[in-house]
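Engineer: Would you mind keeping the following structure in view while I ask a few things?
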Amino acid sequence: MSAERDLTRLVAGMRPELNPGRYVFTTVDGPAPGGVAPVVTVAESEGLTLVVRQEEADAAGLPYDYVAAWITLRVHSALDAVGLTAAFARELARAGLSCNVVAGFHHDHLFVEHARADEALAALKDLADHPHRSAF
């Protein structure tokens with residue numbers, strides 16, 4: 001299956017899926033501590049950002065201040081596709097929802113406020129049902 005580039009097909013085919021659990025963003029000076037299995041890592045000059053399950057962060061004593069839900073867009077988006085991030089970010093912003101986005105090789109992963117995960121999922125599904133709204 002090849003990666004999709006057409007914006008209308010990308011939006012219509014998003015198939016947002018809520019992953020179970022609560023996730024937090026934290027940072028460490030070295031490698032991830034034992035017992036912590038990050039779902040995302042980002043190397044920054046200030047340290048290594050980790051996105052981990054909340055219970056793992058708590059067990060390792062890692063600080064955080066944002067608890068997120070993790071939504072995966074199941075469409076196989078091309079890394080050079082144009083407009084998908086803008087389309088869903090605009091839709092979530094209209095609903096007053098923050099979103100932290102990570103692009104994987106196959107899919108986009110959205111981290112939204114955990115308490116508002118159902119609202120975010122509904123907004124994304126509504127956008128997929130009306131992909132014409134993604135036009136610039």
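Note on naming: chains are A, B, ... as they come in the structure tokens, residues start from 1 per chain, ligands start from 1 in the order shown.
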Env of stretch 58-64 of chain A: 8 Å cut, atoms = only C-alpha atoms, seq-sep filter 5 positions within chain, self excluded. Answer as a list in words.

Structural biologist: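 With the cut-off at 8 Å, the set is Val24, Phe25, Thr26, Thr27, Pro33, Gly34, Gly35 and Val36 of chain A.
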
Engineer: Mind the document's chain letters and residue numbers, and return as a list in words the residues of stretch 16-98 of chain A that DSSP labels helix (DSSP H, G or I).

Structural biologist: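 Helix (DSSP H, G or I) members of stretch 16-98 of chain A, listed: Gln54, Glu55, Glu56, Ala57, Asp58, Ala59, Ala60, Leu84, Thr85, Ala86, Ala87, Phe88, Ala89, Arg90, Glu91, Leu92, Ala93 and Arg94 of chain A.
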
Engineer: Leaving out A:Asn19 and any residue of its chain fewer than 6 positions from it, which residues lie within 8 Å of it when counting only C-alpha atoms, given as a PyMOL selection string?

Structural biologist: chain A and resi 69-72

Engineer: Convert the current residue selection to file output with N, CA and C atoms, as a tab-separated table (two decimals), in the first residue's frame.

Structural biologist:
```
chain	number	residue	atom	x	y	z
A	69	ALA	N	-4.45	12.26	25.78
A	69	ALA	CA	-4.94	11.06	25.11
A	69	ALA	C	-4.20	10.98	23.79
A	70	TRP	N	-4.02	9.78	23.28
A	70	TRP	CA	-3.27	9.56	22.05
A	70	TRP	C	-4.23	9.06	20.98
A	71	ILE	N	-4.36	9.84	19.92
A	71	ILE	CA	-5.20	9.48	18.78
A	71	ILE	C	-4.30	9.23	17.57
A	72	THR	N	-4.48	8.10	16.92
A	72	THR	CA	-3.75	7.78	15.70
A	72	THR	C	-4.68	7.95	14.51
```

Engineer: Of the candidates A:Leu127, A:Ala103, A:Val28, A:Leu92, which one gets nearest to A:His76 if we count only C-alpha atoms?

Structural biologist: A:Ala103

Engineer: Residues at most 12 Å from A:Gly13, counting only C-alpha atoms, excluding those fewer than 5 positions away in the same chain, as a list in words?

Structural biologist: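 That gives Ala3, Glu4, Arg5, Asp6, Leu7, Thr8, Leu73, Arg74, Val75, His76, Ser77, Leu84, His107, Leu124, Lys125, Asp126, Leu127, Ala128, Asp129, His130 and Pro131 of chain A.
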
Engineer: Record the distance separating atom CA of A:Val112 and atom CA of A:Ala12, expressed in Å with one decimal.

Structural biologist: 20.5 Å

Engineer: Just the strand (DSSP E or B) stuff from chain A, please, per backbone DSSP, written as a ChimeraX atom specification.

Structural biologist: /A:4,16-28,40-44,47-53,67-73,77,100-103,108-113

Engineer: Which of these, A:Ala81, A:Val102, A:Val11, A:Val67, has the shortest distance to A:Glu55 once you count only C-alpha atoms?

Structural biologist: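 Result for the nearest residue to A:Glu55: A:Val67.
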
Engineer: Tell me which of A:Ala115, A:Ala123, A:Leu79, A:Val42 sits closest to A:Ala95, counting only C-alpha atoms.

Structural biologist: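 Closest residue, counting only C-alpha atoms: A:Ala123.
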
Engineer: Hey, which of A:Ala93, A:Leu48, A:Ala57, A:Ala68 ends up closest to A:Arg116? Count only C-alpha atoms.

Structural biologist: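 Distance minimum relative to A:Arg116 lands on A:Ala68.
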